[in-house]
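A.B. asks: Okay, here's the structure, questions in a sec.
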Amino acid sequence: MKIIKKLRLLVCLVCMLMATQAIAQTQSQPEAYRLYDSKGKSITYDQLIKSIAKVDVVFVGEIHNCVITHWLEQKLLESLYKVHGKSLKMGMEMFESDNQLILDEYLHGQITGDRFEDEARLWPNYSTDYAGLISYAREHHIPVVATNVPRRYATAVKEHGLAYLDSLSTEAKSYMAPLPIRFQTNESVEQGFALMGVMGKNKNANPRQIAEAQAIKDATMAWRIAKNLPSKFIHFNGNFHTDNHDGIIPYLLQYKPGTTYTVVRAVRQEDISHLEEDYKGIADFYICVPEDMTTSY
């Protein structure tokens, strides 16, 4: 009888183990992100770095409040620095061109962090999302280019149109792409504005002038990148500035023909086990993050 009881106990334990394994197999392990190429094929981080290291300019189209994207931006910068060393430069939409001097002074240790943060008109999420990039650049002497047009000029275009820029001083014009810029519509931006009811609170704004305001940003970012080539360059910007190889990119090719580039785009999906069809083709590589991932704001 004791042997039978022991056998029954053993059978129960085996069944419990098998049941536990079956449950584990049906529950997928949580993932923070996956990487895909333009066709939706899953790739490794090493494959991504090997591909993007070949081009002149790497655009990272980010989701501004996505913590995983910002963490990977840091890793991309570190990995590209290991490949390119002193030939690498970094550009950021988050810094406006008239703050280049303040940025350089901080990077070179000529002013304190407090003074830099007080005077550089930093984005509200700078400390959580961008300070690490600047700190790494400062430590490794990577030049950082403030690529965006000063916001006051983009606002002026939104209110008055591109022609208004002609009335500015020579010094003011030095902070933007050469005028006149060849206006090019950015379909991603226009679709975004349409979804938001033409900027929500700005529903009465002129759609053409809003598009022109985005164009002066795109053109200026492209101009500032072009002025810092030839080199290896990584640029961080909102995804709509480079979706469909639009926005900044046509201007860059106008200012610096023959520049090679690639676009890495952040996306958020409910299920990251595959890349959704709607995203395929709008970038060269994707950082795919779960929709329920924590955000920085």
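Quick note on naming: the chains in the structure tokens go A, B, ... in the order shown, residues restart at 1 in each chain, and ligands are numbered from 1 in order of appearance.
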Would you list the contacts of Lys89 in chain A as a CSV table (one decimal) with C-alpha atoms, in the first residue's frame, taking every protein, DNA or RNA residue within 8 Å and counting only C-alpha atoms, but skipping same-chain residues closer than 4 positions in sequence?

C.D. replies:
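Listed below is the output, out.csv:
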chain,number,residue,atom,x,y,z
A,142,ILE,CA,31.1,64.6,-29.4
A,143,PRO,CA,30.0,67.8,-31.1
A,144,VAL,CA,26.3,68.5,-30.6
A,145,VAL,CA,24.5,70.6,-33.2
A,231,SER,CA,31.1,63.4,-41.0
A,232,LYS,CA,29.1,60.6,-39.4
A,233,PHE,CA,25.9,62.2,-38.0
A,234,ILE,CA,23.1,61.0,-35.8

A.B. asks: Set the distance at 6 Å and use only C-alpha atoms: which residues neighbour range 235-239 of chain A once local chain neighbours fewer than 2 positions away are removed? I'd like the list as a PyMOL selection string.

C.D. replies: chain A and resi 59-62+90-93+241-243

A.B. asks: Run DSSP on the backbone and tell me which residues of range 10-142 of chain A come out as strand (DSSP E); list them as a ChimeraX atom specification.

C.D. replies: /A:34-37,42-43,57-62,88-96

A.B. asks: From the DSSP assignment of the backbone, select every residue of range 114-282 of chain A that is alpha helix (DSSP H), and format the answer as an NGL selection string.

C.D. replies: :A and (114-119 or 126-129 or 131-140 or 151-160 or 170-173 or 187-195 or 207-226 or 248-255)

A.B. asks: What's the 12 Å shell around Tyr45 in chain A, counting only C-alpha atoms, without same-chain residues fewer than 5 positions away, as a list in words?

C.D. replies: Tyr33, Arg34, Leu35, Tyr36, Asp37, Lys50, Ser51, Ile52, Leu72, Lys75, Leu76, Ser79, Phe285, Tyr286 and Ile287 of chain A

A.B. asks: Using only C-alpha atoms, which of A:Met293, A:Ile249, A:Met176, A:Val157 sits nearest Thr220 in chain A?

C.D. replies: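 Once distances to Thr220 in chain A are computed over only C-alpha atoms, the minimum belongs to A:Met176.
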
A.B. asks: Compile the contact shell of Asp271 in chain A as number ranges by chain: residues with an atom at most 12 Å away, counting only C-alpha atoms, same-chain residues fewer than 4 positions apart removed.

C.D. replies: A: 28, 30-34, 267, 275-276, 288-293

A.B. asks: Keeping only C-alpha atoms, write the selected residues as a compact mmCIF listing (two decimals), in the first residue's frame.

C.D. replies:
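In the end it all went to part_25.txt:
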# COMPACT_ATOMS: atom_id res chain seq x y z
CA SER A 28 4.29 35.06 -23.39
CA PRO A 30 6.83 40.49 -21.41
CA GLU A 31 9.13 42.41 -23.78
CA ALA A 32 10.16 46.07 -23.64
CA TYR A 33 10.75 46.39 -27.39
CA ARG A 34 11.48 44.63 -30.65
CA VAL A 267 6.22 52.99 -32.99
CA LEU A 275 5.14 45.13 -37.18
CA GLU A 276 1.71 46.45 -38.12
CA CYS A 288 8.51 48.71 -31.66
CA VAL A 289 7.32 49.41 -28.11
CA PRO A 290 4.22 48.11 -26.27
CA GLU A 291 1.39 50.62 -25.96
CA ASP A 292 1.23 50.13 -22.19
CA MET A 293 4.89 51.03 -21.71

A.B. asks: Neighbours of Lys173 in chain A within 12 Å (only C-alpha atoms; same-chain residues fewer than 2 positions away dropped), as a PDB file with N, CA and C atoms, in the first residue's frame?

C.D. replies:
ATOM      1  N   SER A  97      18.786  76.783 -32.875  1.00  0.00           N
ATOM      2  CA  SER A  97      20.086  77.189 -33.415  1.00  0.00           C
ATOM      3  C   SER A  97      20.704  78.393 -32.717  1.00  0.00           C
ATOM      4  N   ASP A  98      19.891  79.306 -32.172  1.00  0.00           N
ATOM      5  CA  ASP A  98      20.468  80.470 -31.503  1.00  0.00           C
ATOM      6  C   ASP A  98      20.995  80.138 -30.117  1.00  0.00           C
ATOM      7  N   VAL A 149      15.065  75.584 -35.829  1.00  0.00           N
ATOM      8  CA  VAL A 149      14.910  77.037 -35.952  1.00  0.00           C
ATOM      9  C   VAL A 149      14.387  77.589 -34.629  1.00  0.00           C
ATOM     10  N   PRO A 150      14.806  78.789 -34.217  1.00  0.00           N
ATOM     11  CA  PRO A 150      14.224  79.372 -33.004  1.00  0.00           C
ATOM     12  C   PRO A 150      12.700  79.414 -33.106  1.00  0.00           C
ATOM     13  N   TYR A 153      10.526  82.244 -34.626  1.00  0.00           N
ATOM     14  CA  TYR A 153      10.418  82.427 -36.073  1.00  0.00           C
ATOM     15  C   TYR A 153       9.414  81.444 -36.681  1.00  0.00           C
ATOM     16  N   TYR A 164       6.997  86.405 -44.419  1.00  0.00           N
ATOM     17  CA  TYR A 164       7.292  87.293 -43.287  1.00  0.00           C
ATOM     18  C   TYR A 164       8.777  87.260 -42.927  1.00  0.00           C
ATOM     19  N   LEU A 165       9.432  86.136 -43.164  1.00  0.00           N
ATOM     20  CA  LEU A 165      10.832  85.994 -42.785  1.00  0.00           C
ATOM     21  C   LEU A 165      11.736  86.968 -43.533  1.00  0.00           C
ATOM     22  N   ASP A 166      11.304  87.417 -44.694  1.00  0.00           N
ATOM     23  CA  ASP A 166      12.103  88.375 -45.473  1.00  0.00           C
ATOM     24  C   ASP A 166      12.304  89.684 -44.726  1.00  0.00           C
ATOM     25  N   SER A 167      11.415  90.011 -43.805  1.00  0.00           N
ATOM     26  CA  SER A 167      11.493  91.276 -43.080  1.00  0.00           C
ATOM     27  C   SER A 167      12.459  91.222 -41.902  1.00  0.00           C
ATOM     28  N   LEU A 168      12.998  90.044 -41.595  1.00  0.00           N
ATOM     29  CA  LEU A 168      13.882  89.903 -40.441  1.00  0.00           C
ATOM     30  C   LEU A 168      15.288  90.423 -40.732  1.00  0.00           C
ATOM     31  N   SER A 169      16.045  90.648 -39.682  1.00  0.00           N
ATOM     32  CA  SER A 169      17.415  91.144 -39.817  1.00  0.00           C
ATOM     33  C   SER A 169      18.342  90.057 -40.355  1.00  0.00           C
ATOM     34  N   THR A 170      19.505  90.484 -40.805  1.00  0.00           N
ATOM     35  CA  THR A 170      20.510  89.537 -41.301  1.00  0.00           C
ATOM     36  C   THR A 170      20.911  88.560 -40.207  1.00  0.00           C
ATOM     37  N   GLU A 171      21.050  89.056 -38.976  1.00  0.00           N
ATOM     38  CA  GLU A 171      21.420  88.180 -37.863  1.00  0.00           C
ATOM     39  C   GLU A 171      20.337  87.138 -37.611  1.00  0.00           C
ATOM     40  N   TYR A 175      20.088  82.218 -38.333  1.00  0.00           N
ATOM     41  CA  TYR A 175      19.687  81.098 -37.489  1.00  0.00           C
ATOM     42  C   TYR A 175      18.743  80.126 -38.205  1.00  0.00           C
ATOM     43  N   MET A 176      18.542  80.330 -39.495  1.00  0.00           N
ATOM     44  CA  MET A 176      17.619  79.467 -40.240  1.00  0.00           C
ATOM     45  C   MET A 176      18.204  79.105 -41.593  1.00  0.00           C
ATOM     46  N   ALA A 177      17.517  78.224 -42.309  1.00  0.00           N
ATOM     47  CA  ALA A 177      17.945  77.846 -43.653  1.00  0.00           C
ATOM     48  C   ALA A 177      17.913  79.071 -44.565  1.00  0.00           C
ATOM     49  N   PRO A 178      18.778  79.106 -45.601  1.00  0.00           N
ATOM     50  CA  PRO A 178      18.812  80.256 -46.501  1.00  0.00           C
ATOM     51  C   PRO A 178      17.431  80.513 -47.134  1.00  0.00           C
ATOM     52  N   LEU A 179      17.064  81.777 -47.188  1.00  0.00           N
ATOM     53  CA  LEU A 179      15.789  82.170 -47.796  1.00  0.00           C
ATOM     54  C   LEU A 179      16.002  82.552 -49.257  1.00  0.00           C
ATOM     55  N   PRO A 180      14.980  82.377 -50.104  1.00  0.00           N
ATOM     56  CA  PRO A 180      13.711  81.726 -49.754  1.00  0.00           C
ATOM     57  C   PRO A 180      13.865  80.205 -49.737  1.00  0.00           C
ATOM     58  N   ILE A 181      13.138  79.538 -48.851  1.00  0.00           N
ATOM     59  CA  ILE A 181      13.183  78.083 -48.877  1.00  0.00           C
ATOM     60  C   ILE A 181      12.144  77.594 -49.883  1.00  0.00           C
ATOM     61  N   ILE A 216       9.842  75.480 -42.316  1.00  0.00           N
ATOM     62  CA  ILE A 216      11.040  76.230 -41.913  1.00  0.00           C
ATOM     63  C   ILE A 216      11.820  75.452 -40.858  1.00  0.00           C
ATOM     64  N   THR A 220      15.539  74.149 -41.794  1.00  0.00           N
ATOM     65  CA  THR A 220      16.633  74.592 -40.924  1.00  0.00           C
ATOM     66  C   THR A 220      17.377  73.407 -40.338  1.00  0.00           C
TER      67      THR A 220
END

A.B. asks: Go ahead and compute the interatomic distance for CA of Phe183 in chain A and CA of Thr262 in chain A, in Å to one decimal.

C.D. replies: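 Taking CA of Phe183 in chain A and CA of Thr262 in chain A, their separation equals 22.8 Å.
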
A.B. asks: Contacts of His70 in chain A at 6 Å or less, counting only C-alpha atoms, minus same-chain residues fewer than 3 places along, as a ChimeraX atom specification?

C.D. replies: /A:67,73,129

A.B. asks: If you count only C-alpha atoms, which residues fall within 10 Å of Gln74 in chain A, apart from same-chain ones fewer than 6 positions away, as a list in words?

C.D. replies: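 Surrounding residues, per the criterion: Ile68, Asp129, Tyr130, Gly132, Leu133, Ile134 and Tyr136 of chain A.
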
A.B. asks: Could the residues in this selection be written to a file with N, CA and C atoms, as an mmCIF file, in the first residue's frame?

C.D. replies:
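File written: selection.cif
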data_model
loop_
_atom_site.group_PDB
_atom_site.id
_atom_site.type_symbol
_atom_site.label_atom_id
_atom_site.label_comp_id
_atom_site.auth_asym_id
_atom_site.auth_seq_id
_atom_site.Cartn_x
_atom_site.Cartn_y
_atom_site.Cartn_z
ATOM 1 N N ILE A 68 11.463 53.978 -23.437
ATOM 2 C CA ILE A 68 12.261 52.936 -24.095
ATOM 3 C C ILE A 68 12.989 53.506 -25.299
ATOM 4 N N ASP A 129 14.714 62.786 -20.360
ATOM 5 C CA ASP A 129 14.810 62.152 -21.679
ATOM 6 C C ASP A 129 16.027 62.526 -22.526
ATOM 7 N N TYR A 130 16.664 63.666 -22.259
ATOM 8 C CA TYR A 130 17.757 64.109 -23.131
ATOM 9 C C TYR A 130 19.062 64.412 -22.407
ATOM 10 N N GLY A 132 20.865 62.591 -20.591
ATOM 11 C CA GLY A 132 21.837 61.509 -20.737
ATOM 12 C C GLY A 132 22.623 61.612 -22.037
ATOM 13 N N LEU A 133 21.954 61.985 -23.120
ATOM 14 C CA LEU A 133 22.628 62.156 -24.412
ATOM 15 C C LEU A 133 23.674 63.268 -24.330
ATOM 16 N N ILE A 134 23.262 64.401 -23.737
ATOM 17 C CA ILE A 134 24.172 65.531 -23.620
ATOM 18 C C ILE A 134 25.351 65.189 -22.706
ATOM 19 N N TYR A 136 26.662 62.219 -22.184
ATOM 20 C CA TYR A 136 27.569 61.307 -22.892
ATOM 21 C C TYR A 136 28.389 62.076 -23.916
#
